[in-house]
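K.L.:
See input-v7.cif below, with mmCIF, C-alpha atoms.
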data_input
loop_
_atom_site.label_atom_id
_atom_site.label_comp_id
_atom_site.auth_asym_id
_atom_site.auth_seq_id
_atom_site.Cartn_x
_atom_site.Cartn_y
_atom_site.Cartn_z
CA MET A 1 138.55 139.10 64.63
CA LYS A 2 137.86 140.83 67.92
CA SER A 3 134.16 140.94 67.20
CA ILE A 4 134.08 137.18 66.87
CA PHE A 5 135.35 136.87 70.43
CA VAL A 6 132.82 139.40 71.61
CA LEU A 7 130.08 137.51 69.84
CA ALA A 8 131.29 134.23 71.26
CA GLY A 9 131.42 135.79 74.71
CA LEU A 10 127.91 137.14 74.35
CA ALA A 11 126.68 133.78 73.12
CA ALA A 12 128.30 132.09 76.08
CA LEU A 13 126.69 134.58 78.45
CA LEU A 14 123.32 134.01 76.84
CA ALA A 15 123.79 130.26 77.08
CA LEU A 16 124.91 130.41 80.69
CA GLY A 17 122.38 133.02 81.70
CA PRO A 18 119.36 130.83 82.16
CA ILE A 19 121.41 128.13 83.90
CA SER A 20 122.83 130.44 86.52
CA ALA A 21 119.44 132.03 87.04
CA ARG A 22 118.03 128.58 87.60
CA ALA A 23 120.87 127.58 89.89
CA ASP A 24 119.92 130.32 92.33
CA ASP A 25 116.37 129.19 92.40
CA LEU A 26 116.49 125.46 93.09
CA THR A 27 113.76 125.01 95.61
CA LEU A 28 111.45 122.10 96.17
CA THR A 29 108.43 122.58 98.34
CA LEU A 30 106.68 119.78 100.15
CA LYS A 31 103.02 120.41 100.85
CA ASN A 32 100.38 117.81 101.72
CA HIS A 33 103.14 115.22 101.25
CA LYS A 34 103.67 116.21 97.61
CA PHE A 35 106.69 117.85 96.03
CA SER A 36 106.33 120.86 93.81
CA PRO A 37 107.69 121.06 91.29
CA SER A 38 107.71 117.29 90.99
CA GLU A 39 110.48 117.51 88.42
CA ILE A 40 113.33 119.95 88.71
CA LYS A 41 116.02 120.63 86.13
CA VAL A 42 119.63 121.06 87.24
CA PRO A 43 122.84 121.58 85.28
CA ALA A 44 124.74 118.34 84.67
CA ASN A 45 128.32 117.77 85.89
CA LYS A 46 128.06 120.45 88.54
CA ARG A 47 127.48 120.48 92.23
CA VAL A 48 124.06 121.83 92.99
CA LYS A 49 122.41 123.10 96.15
CA LEU A 50 118.80 122.20 96.46
CA THR A 51 116.64 123.78 99.13
CA VAL A 52 113.82 121.53 100.28
CA VAL A 53 111.06 123.40 102.07
CA ASN A 54 108.79 121.25 104.19
CA ASP A 55 105.49 123.13 104.49
CA ASP A 56 103.82 120.21 106.23
CA PRO A 57 103.63 120.08 110.01
CA THR A 58 105.13 116.56 110.00
CA PRO A 59 108.77 115.62 109.42
CA GLU A 60 109.89 114.03 106.19
CA GLU A 61 113.01 112.22 105.08
CA PHE A 62 114.18 113.36 101.68
CA GLU A 63 115.82 110.33 100.18
CA SER A 64 117.34 109.25 96.91
CA HIS A 65 119.77 106.43 96.30
CA GLU A 66 120.31 107.84 92.82
CA LEU A 67 121.34 111.22 94.24
CA LYS A 68 123.09 109.62 97.24
CA VAL A 69 121.15 111.72 99.69
CA GLU A 70 119.16 111.07 102.81
CA LYS A 71 118.12 113.98 104.90
CA VAL A 72 115.48 114.45 107.55
CA ILE A 73 113.59 117.71 107.23
CA PRO A 74 111.51 118.53 110.29
CA GLY A 75 107.98 119.88 109.88
CA LYS A 76 107.63 123.57 108.95
CA SER A 77 111.31 123.98 108.16
CA LYS A 78 113.73 123.62 105.32
CA GLY A 79 116.88 121.73 104.54
CA VAL A 80 119.72 122.21 102.10
CA VAL A 81 120.62 119.20 100.03
CA ARG A 82 123.90 119.18 98.11
CA ILE A 83 123.97 116.94 95.07
CA GLY A 84 126.12 116.22 92.07
CA PRO A 85 128.08 116.35 89.94
CA LEU A 86 125.46 114.42 87.99
CA LYS A 87 125.74 112.90 84.56
CA PRO A 88 122.81 113.89 82.35
CA GLY A 89 119.77 111.83 83.24
CA ARG A 90 116.76 111.42 85.47
CA TYR A 91 117.28 110.94 89.19
CA PRO A 92 114.17 110.05 91.20
CA PHE A 93 113.77 111.07 94.83
CA PHE A 94 111.07 110.47 97.40
CA GLY A 95 109.91 111.33 100.89
CA GLU A 96 110.48 108.18 102.84
CA TYR A 97 107.66 108.75 105.30
CA HIS A 98 105.03 109.28 102.61
CA GLU A 99 106.41 107.38 99.68
CA SER A 100 103.08 106.91 97.90
CA THR A 101 102.60 110.65 97.29
CA ALA A 102 105.90 112.35 98.00
CA LYS A 103 107.99 111.63 94.93
CA GLY A 104 109.70 113.45 92.15
CA ALA A 105 112.84 113.59 90.10
CA VAL A 106 115.86 115.71 89.38
CA ILE A 107 116.62 116.06 85.68
CA ALA A 108 120.28 116.74 85.03
CA GLN A 109 121.00 118.24 81.62
CA MET B 1 99.16 100.00 108.70
CA LEU B 2 101.19 97.87 106.34
CA GLY B 3 102.96 100.96 105.05
CA ALA B 4 104.03 101.94 108.56
CA LEU B 5 105.12 98.39 109.29
CA VAL B 6 107.33 98.33 106.22
CA ILE B 7 108.89 101.72 106.88
CA VAL B 8 109.69 100.96 110.51
CA PHE B 9 110.88 97.46 109.70
CA ARG B 10 113.23 98.85 107.04
CA GLU B 11 114.87 101.16 109.57
CA VAL B 12 114.97 98.59 112.35
CA ILE B 13 116.60 95.81 110.35
CA GLU B 14 119.65 97.95 109.71
CA ALA B 15 120.28 98.32 113.42
CA GLY B 16 119.10 94.74 113.96
CA LEU B 17 121.68 93.34 111.60
CA ILE B 18 124.44 95.13 113.49
CA ILE B 19 123.14 93.94 116.87
CA GLY B 20 122.89 90.36 115.59
CA ILE B 21 126.50 90.42 114.39
CA VAL B 22 127.73 92.03 117.61
CA MET B 23 125.96 89.39 119.70
CA ALA B 24 127.49 86.59 117.65
CA ALA B 25 130.92 88.24 117.72
CA THR B 26 130.89 88.33 121.52
CA ARG B 27 129.71 84.78 121.95
CA GLY B 28 131.07 83.38 125.17
CA VAL B 29 132.09 86.74 126.60
CA ALA B 30 130.63 87.23 130.06
CA GLY B 31 128.17 90.09 130.54
CA ARG B 32 127.67 90.81 126.86
CA GLY B 33 123.86 90.67 127.08
CA ARG B 34 123.92 93.41 129.67
CA TRP B 35 126.27 95.57 127.60
CA VAL B 36 124.25 95.13 124.44
CA ALA B 37 121.11 96.03 126.42
CA TYR B 38 122.89 99.19 127.68
CA GLY B 39 123.73 100.00 124.09
CA VAL B 40 120.15 99.54 122.91
CA GLY B 41 118.79 101.52 125.87
CA ALA B 42 121.19 104.41 125.36
CA GLY B 43 120.48 104.27 121.62
CA VAL B 44 116.71 104.57 122.11
CA LEU B 45 117.18 107.43 124.55
CA GLY B 46 119.60 109.12 122.16
CA ALA B 47 117.28 108.54 119.19
CA THR B 48 114.46 110.31 121.02
CA LEU B 49 116.74 113.23 121.85
CA VAL B 50 118.05 113.44 118.27
CA ALA B 51 114.51 113.34 116.91
CA PHE B 52 113.45 116.04 119.36
CA PHE B 53 116.35 118.28 118.37
CA ALA B 54 116.18 117.36 114.67
CA GLY B 55 115.43 120.95 113.73
CA ALA B 56 118.34 122.39 115.70
CA ILE B 57 120.78 119.73 114.44
CA SER B 58 119.64 120.28 110.89
CA GLU B 59 120.20 124.02 111.05
CA ALA B 60 123.61 123.85 112.71
CA PHE B 61 126.73 124.48 110.60
CA GLN B 62 124.88 126.39 107.85
CA GLY B 63 122.42 123.60 107.28
CA ALA B 64 125.03 120.82 107.21
CA GLY B 65 124.58 119.82 110.86
CA GLN B 66 122.68 116.63 110.18
CA GLU B 67 125.22 115.39 107.65
CA LEU B 68 128.13 116.19 109.97
CA PHE B 69 126.33 114.52 112.85
CA ASN B 70 125.71 111.36 110.82
CA ALA B 71 129.29 111.31 109.57
CA SER B 72 130.61 111.60 113.14
CA VAL B 73 128.34 108.86 114.42
CA LEU B 74 129.49 106.56 111.63
CA ALA B 75 133.15 107.44 112.14
CA ILE B 76 132.98 106.62 115.85
CA ALA B 77 131.32 103.30 115.03
CA VAL B 78 134.12 102.49 112.57
CA VAL B 79 136.81 103.19 115.20
CA MET B 80 134.99 101.04 117.77
CA LEU B 81 134.67 98.17 115.31
CA MET B 82 138.40 98.40 114.56
CA TRP B 83 139.16 98.31 118.26
CA HIS B 84 136.94 95.27 118.71
CA ASN B 85 138.52 93.37 115.85
CA ALA B 86 142.04 94.15 117.02
CA TRP B 87 141.13 92.94 120.51
CA MET B 88 139.48 89.83 119.14
CA ALA B 89 142.51 89.07 116.97
CA ARG B 90 144.45 88.93 120.17
CA HIS B 91 142.08 87.10 122.47
CA GLY B 92 139.61 85.35 120.19
CA ARG B 93 141.49 82.09 120.12
CA GLU B 94 141.51 81.71 123.88
CA ILE B 95 137.84 82.54 124.13
CA ALA B 96 137.03 79.97 121.47
CA ALA B 97 139.19 77.40 123.29
CA GLU B 98 137.49 78.11 126.60
CA MET B 99 134.10 77.85 124.95
CA ARG B 100 134.95 74.43 123.62
CA GLN B 101 136.13 73.31 127.03
CA ILE B 102 133.40 74.51 129.30
CA GLY B 103 130.55 75.41 127.03
CA ALA B 104 129.80 78.93 128.11
CA ALA B 105 132.88 80.79 129.14
CA VAL B 106 134.04 83.52 131.41
CA SER B 107 136.42 85.91 129.71
CA GLU B 108 138.09 89.21 130.36
CA GLY B 109 135.99 90.90 127.76
CA VAL B 110 135.38 94.35 129.14
CA LYS B 111 137.13 96.33 126.44
CA PRO B 112 135.39 95.09 123.32
CA LEU B 113 132.12 95.04 125.20
CA THR B 114 132.21 98.76 125.83
CA ALA B 115 133.30 99.30 122.23
CA LEU B 116 130.51 97.13 120.89
CA ALA B 117 127.93 98.60 123.25
CA VAL B 118 128.84 101.97 121.72
CA VAL B 119 128.44 100.53 118.22
CA VAL B 120 125.02 99.10 119.11
CA GLY B 121 124.01 102.38 120.71
CA LEU B 122 125.04 104.39 117.64
CA ALA B 123 123.25 102.03 115.26
CA VAL B 124 120.05 102.28 117.30
CA LEU B 125 120.52 106.05 117.60
CA ARG B 126 120.82 106.58 113.86
CA GLU B 127 118.03 104.34 112.65
CA GLY B 128 115.91 104.89 115.75
CA SER B 129 115.76 108.66 115.38
CA GLU B 130 114.18 108.15 111.95
CA VAL B 131 111.62 105.77 113.42
CA VAL B 132 110.82 108.22 116.20
CA LEU B 133 110.36 111.07 113.71
CA PHE B 134 108.17 108.92 111.53
CA LEU B 135 106.00 107.80 114.43
CA TYR B 136 105.84 111.36 115.69
CA GLY B 137 104.55 112.41 112.29
CA ILE B 138 101.84 109.79 112.52
CA ALA B 139 100.86 110.80 116.00
CA ALA B 140 100.75 114.46 114.96
CA SER B 141 98.58 113.90 111.90
CA GLY B 142 95.89 112.05 113.84
CA THR B 143 93.02 110.35 111.94
CA THR B 144 94.20 106.85 111.11
CA GLY B 145 96.89 107.19 113.75
CA MET B 146 96.16 104.05 115.77
CA ALA B 147 96.42 101.63 112.86
CA LEU B 148 99.65 103.24 111.73
CA LEU B 149 101.04 103.20 115.23
CA LEU B 150 100.20 99.52 115.49
CA GLY B 151 101.97 99.01 112.19
CA GLY B 152 105.00 100.78 113.64
CA ILE B 153 105.03 98.61 116.72
CA LEU B 154 104.70 95.47 114.62
CA GLY B 155 107.55 96.79 112.50
CA VAL B 156 109.79 97.05 115.56
CA ALA B 157 108.74 93.54 116.63
CA ALA B 158 109.50 92.15 113.17
CA GLY B 159 112.88 93.90 113.29
CA ALA B 160 113.64 92.30 116.65
CA GLY B 161 112.69 88.93 115.17
CA PHE B 162 115.07 89.60 112.31
CA THR B 163 117.86 90.39 114.80
CA ALA B 164 117.28 87.03 116.51
CA PHE B 165 117.30 85.34 113.11
CA THR B 166 120.67 86.93 112.26
CA TYR B 167 122.11 85.96 115.62
CA TYR B 168 120.98 82.33 115.57
CA GLY B 169 121.98 82.04 111.94
CA LEU B 170 125.51 83.09 112.85
CA LEU B 171 125.54 80.76 115.86
CA ALA B 172 125.06 77.84 113.49
CA ILE B 173 128.66 78.45 112.43
CA PRO B 174 130.98 76.02 114.24
CA THR B 175 132.80 77.51 117.24
CA ARG B 176 136.16 77.14 115.53
CA TYR B 177 135.23 79.46 112.73
CA ILE B 178 132.79 81.82 114.35
CA PHE B 179 135.31 84.50 115.33
CA SER B 180 136.98 84.55 111.94
CA VAL B 181 133.57 84.85 110.30
CA THR B 182 132.39 87.61 112.64
CA SER B 183 135.73 89.42 112.28
CA TRP B 184 135.26 89.47 108.53
CA LEU B 185 131.67 90.59 108.88
CA ILE B 186 132.73 93.38 111.21
CA ALA B 187 135.55 94.44 108.87
CA LEU B 188 133.13 94.69 105.91
CA LEU B 189 130.54 96.41 108.09
CA ALA B 190 133.11 98.99 109.18
CA ALA B 191 134.27 99.57 105.60
CA GLY B 192 130.67 100.15 104.52
CA LEU B 193 130.04 102.57 107.37
CA ALA B 194 133.22 104.49 106.55
CA ALA B 195 132.13 104.81 102.91
CA GLN B 196 128.75 106.12 104.08
CA ALA B 197 130.47 108.59 106.39
CA VAL B 198 132.49 110.19 103.58
CA GLN B 199 129.36 110.52 101.48
CA PHE B 200 127.74 112.46 104.33
CA LEU B 201 130.83 114.69 104.46
CA ASN B 202 130.44 115.20 100.73
CA ASN B 203 126.76 116.07 101.17
CA ALA B 204 127.76 118.48 103.92
CA GLY B 205 130.06 120.19 101.44
CA VAL B 206 133.18 119.74 103.58
CA MET B 207 134.91 116.97 101.63
CA VAL B 208 134.29 117.67 98.02
CA VAL B 209 136.98 115.63 96.33
CA LEU B 210 136.92 112.55 94.11
CA ASP B 211 133.16 112.82 93.86
CA GLN B 212 132.71 111.30 90.40
CA THR B 213 130.44 108.29 90.32
CA LEU B 214 132.40 105.21 89.35
CA TRP B 215 129.66 102.86 88.21
CA ASN B 216 125.97 102.19 88.54
CA THR B 217 124.71 98.73 89.42
CA SER B 218 121.12 99.75 90.18
CA TRP B 219 119.97 97.57 87.27
CA LEU B 220 121.43 94.57 89.10
CA LEU B 221 120.41 95.37 92.67
CA SER B 222 118.59 98.48 93.76
CA GLU B 223 119.68 99.99 97.04
CA GLY B 224 116.01 100.67 97.72
CA SER B 225 115.04 96.99 97.75
CA ILE B 226 115.07 95.12 101.04
CA PHE B 227 117.94 92.91 99.89
CA GLY B 228 119.81 95.96 98.64
CA ARG B 229 119.36 97.63 102.01
CA LEU B 230 120.56 94.54 103.86
CA LEU B 231 123.69 94.36 101.73
CA HIS B 232 124.11 98.12 102.15
CA THR B 233 124.33 97.69 105.92
CA LEU B 234 126.14 94.37 105.88
CA ILE B 235 128.94 95.00 103.39
CA GLY B 236 128.33 98.62 102.39
CA TYR B 237 126.76 97.85 99.02
CA THR B 238 126.30 101.11 97.14
CA GLU B 239 124.74 101.16 93.70
CA ARG B 240 126.64 104.30 92.64
CA PRO B 241 129.88 104.58 94.59
CA THR B 242 132.06 107.65 94.19
CA GLU B 243 135.83 107.44 93.80
CA LEU B 244 136.31 108.59 97.38
CA GLN B 245 133.87 106.00 98.71
CA LEU B 246 135.75 103.18 97.01
CA ILE B 247 139.11 104.43 98.27
CA VAL B 248 137.83 104.79 101.84
CA TYR B 249 136.15 101.37 101.68
CA ILE B 250 139.36 99.62 100.64
CA GLY B 251 141.43 101.80 102.97
CA THR B 252 139.31 100.80 105.97
CA LEU B 253 139.73 97.12 105.16
CA VAL B 254 143.49 97.53 104.82
CA VAL B 255 143.80 99.42 108.12
CA MET B 256 141.59 96.85 109.84
CA TYR B 257 143.69 93.99 108.51
CA ALA B 258 146.93 95.69 109.56
CA LEU B 259 145.61 96.36 113.08
CA MET B 260 144.53 92.75 113.46
CA ARG B 261 147.94 91.49 112.33
CA ILE B 262 149.74 93.79 114.73
CA ALA B 263 147.46 92.82 117.62
CA ARG B 264 147.88 89.13 116.92
CA HIS B 265 151.67 89.31 116.96
CA GLN B 266 152.03 91.49 120.00
CA PRO B 267 153.77 89.69 122.86
CA ARG B 268 151.21 88.24 125.17
CA ALA B 269 151.52 89.22 128.79
CA ARG B 270 149.68 86.52 130.63
CA VAL B 271 146.97 85.09 128.53
CA THR B 272 148.74 82.11 126.96
CA ALA B 273 148.25 79.47 129.58
CA PRO B 274 145.51 79.01 132.11
CA ALA B 275 147.55 78.65 135.32
CA GLU B 276 148.24 75.08 136.43
#
Just give me the structure as structure tokens.
P.N.:
Amino acid sequence: MKSIFVLAGLAALLALGPISARADDLTLTLKNHKFSPSEIKVPANKRVKLTVVNDDPTPEEFESHELKVEKVIPGKSKGVVRIGPLKPGRYPFFGEYHESTAKGAVIAQ
Amino acid sequence: MLGALVIVFREVIEAGLIIGIVMAATRGVAGRGRWVAYGVGAGVLGATLVAFFAGAISEAFQGAGQELFNASVLAIAVVMLMWHNAWMARHGREIAAEMRQIGAAVSEGVKPLTALAVVVGLAVLREGSEVVLFLYGIAASGTTGMALLLGGILGVAAGAGFTAFTYYGLLAIPTRYIFSVTSWLIALLAAGLAAQAVQFLNNAGVMVVLDQTLWNTSWLLSEGSIFGRLLHTLIGYTERPTELQLIVYIGTLVVMYALMRIARHQPRARVTAPAE
């Protein structure tokens, strides 16, 4: 009986493991007006902190109506964007000052 | 160039819409042009400062400085709009009556003018700082800079044209109704700004309650479209409102309505009859 709980606990840890590892590492980098990665996975139904690093010398406005965020990130600096809780799905974002190249999406799952 | 024009125009129309409504709402009040000009001037100055210190603001309060700044700016605008509407509820009728009698009127309109000048200033400050940053980026990146800069200037001009369009459109409303219409517009505007303010607080991580999304109407009208943006500024249209946003939106309207009722029924000291 006890071992079932232990197993369940281990399984839960294994299941949560990758998510929490990912949660610590949510960084988007903007370089040459392009986001990398262009798609980033986040856990659904949770608040998530996303660090956006602007490696370009020019400012950018990180914007997404879907994520309800607009944030100016000056050149050569970074900004923290708090999003969620998100229902599972795809949430596009873009850099308002360079919309043709600076775009990507958050995938909540 | 067209890209720059569109981006700048998009930012400018949001402030332009607010200026147009404010101008119409103060129709017949002496000195309003001057006050609105003060507001725009202070807003442009402030926008430049905010853009210049964007990095410092952004990093303040553990990276939540920008959100807190935006929320404060919006909150002040909401209070000023409430003040204006309460004042107008009290004096609007006399101003409208005077306007009918002598065309353009002289009124004791100092209080709402300062309030509205602040609102105009804050609107220009918020949208303007984004324009300044964008144009700065263009200037810094060189190459096709001139064409983009021209696009930016044309964008500002188009935005100013849009402001005039809003204003003259509202002026087409008969004098009898204009203050009730502008009061409603200002009430909805304030409710929308308040809902935006709480979302900034949520993004800042300081007000993390009732943050579930209630519905999603992006299929019907995207907030990214020009019309979506206009409605976003005008009545606070949000494609995915949170519970808190809806509560604050309705709450602002209720408070506004209550203030206007109270102001209207306050005993009048000396304004009822023009002497003799």
K.L.:
Using all atoms listed in the file, find the residues of chain B whose closest atom to chain A is at most 10 Å away, then write them as a VMD selection string.
P.N.:
chain B and resid 3 to 4 7 to 8 51 to 56 58 to 59 62 to 64 66 to 67 70 129 to 131 133 to 141 196 199 to 200 202 to 205 208 211 to 213 216 218 222 to 224 238 to 242
K.L.:
Quick one: apply the PyMOL selection byres ((chain A and resi 38) around 7) to the file and drop the selected residues here as number ranges by chain.
P.N.:
A: 35-37, 39-40, 103-105
K.L.:
Once the PyMOL selection byres ((chain B and resi 16) around 9) has been applied to the shown file, what residues remain in the selection, as a ChimeraX atom specification?
P.N.:
/B:11-15,17-21,120,123-124,159-164,166
K.L.:
Residues picked by the PyMOL selection byres ((chain B and resi 191-194) around 10) here, as a PDB file with C-alpha atoms, in the frame of the given file?
P.N.:
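Output file selection_29.pdb is given in full below:
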ATOM      1  CA  ALA B  71     129.290 111.310 109.570  1.00  0.00           C
ATOM      2  CA  VAL B  73     128.340 108.860 114.420  1.00  0.00           C
ATOM      3  CA  LEU B  74     129.490 106.560 111.630  1.00  0.00           C
ATOM      4  CA  ALA B  75     133.150 107.440 112.140  1.00  0.00           C
ATOM      5  CA  ILE B  76     132.980 106.620 115.850  1.00  0.00           C
ATOM      6  CA  ALA B  77     131.320 103.300 115.030  1.00  0.00           C
ATOM      7  CA  VAL B  78     134.120 102.490 112.570  1.00  0.00           C
ATOM      8  CA  VAL B  79     136.810 103.190 115.200  1.00  0.00           C
ATOM      9  CA  LEU B  81     134.670  98.170 115.310  1.00  0.00           C
ATOM     10  CA  MET B  82     138.400  98.400 114.560  1.00  0.00           C
ATOM     11  CA  LEU B 185     131.670  90.590 108.880  1.00  0.00           C
ATOM     12  CA  ILE B 186     132.730  93.380 111.210  1.00  0.00           C
ATOM     13  CA  ALA B 187     135.550  94.440 108.870  1.00  0.00           C
ATOM     14  CA  LEU B 188     133.130  94.690 105.910  1.00  0.00           C
ATOM     15  CA  LEU B 189     130.540  96.410 108.090  1.00  0.00           C
ATOM     16  CA  ALA B 190     133.110  98.990 109.180  1.00  0.00           C
ATOM     17  CA  ALA B 195     132.130 104.810 102.910  1.00  0.00           C
ATOM     18  CA  GLN B 196     128.750 106.120 104.080  1.00  0.00           C
ATOM     19  CA  ALA B 197     130.470 108.590 106.390  1.00  0.00           C
ATOM     20  CA  VAL B 198     132.490 110.190 103.580  1.00  0.00           C
ATOM     21  CA  GLN B 199     129.360 110.520 101.480  1.00  0.00           C
ATOM     22  CA  PHE B 200     127.740 112.460 104.330  1.00  0.00           C
ATOM     23  CA  LEU B 231     123.690  94.360 101.730  1.00  0.00           C
ATOM     24  CA  HIS B 232     124.110  98.120 102.150  1.00  0.00           C
ATOM     25  CA  THR B 233     124.330  97.690 105.920  1.00  0.00           C
ATOM     26  CA  LEU B 234     126.140  94.370 105.880  1.00  0.00           C
ATOM     27  CA  ILE B 235     128.940  95.000 103.390  1.00  0.00           C
ATOM     28  CA  GLY B 236     128.330  98.620 102.390  1.00  0.00           C
ATOM     29  CA  TYR B 237     126.760  97.850  99.020  1.00  0.00           C
ATOM     30  CA  THR B 238     126.300 101.110  97.140  1.00  0.00           C
ATOM     31  CA  GLN B 245     133.870 106.000  98.710  1.00  0.00           C
ATOM     32  CA  LEU B 246     135.750 103.180  97.010  1.00  0.00           C
ATOM     33  CA  VAL B 248     137.830 104.790 101.840  1.00  0.00           C
ATOM     34  CA  TYR B 249     136.150 101.370 101.680  1.00  0.00           C
ATOM     35  CA  ILE B 250     139.360  99.620 100.640  1.00  0.00           C
ATOM     36  CA  GLY B 251     141.430 101.800 102.970  1.00  0.00           C
ATOM     37  CA  THR B 252     139.310 100.800 105.970  1.00  0.00           C
ATOM     38  CA  LEU B 253     139.730  97.120 105.160  1.00  0.00           C
ATOM     39  CA  VAL B 254     143.490  97.530 104.820  1.00  0.00           C
ATOM     40  CA  VAL B 255     143.800  99.420 108.120  1.00  0.00           C
ATOM     41  CA  MET B 256     141.590  96.850 109.840  1.00  0.00           C
TER      42      MET B 256
END
K.L.:
To one decimal place, how far is atom CA of Thr48 of chain B from atom CA of Lys31 of chain A in Å?
P.N.:
25.3 Å
K.L.:
What's the separation between atom CA of Leu125 of chain B and atom CA of Val44 of chain B, in Å to one decimal place?
P.N.:
6.1 Å
K.L.:
So the first atom is atom CA of Gly31 of chain B and the second is atom CA of Arg264 of chain B; what is the distance between them in Å, to one decimal place?
P.N.:
24.0 Å
K.L.:
Can you sort out the box for segment 151-167 of chain B, edges along x, y and z, all listed atoms in, 5 Å on every side, with centre and edge lengths in Å to one decimal, as lines of an AutoDock Vina configuration file?
P.N.:
center_x = 112.0
center_y = 93.1
center_z = 114.5
size_x = 30.1
size_y = 25.4
size_z = 14.5
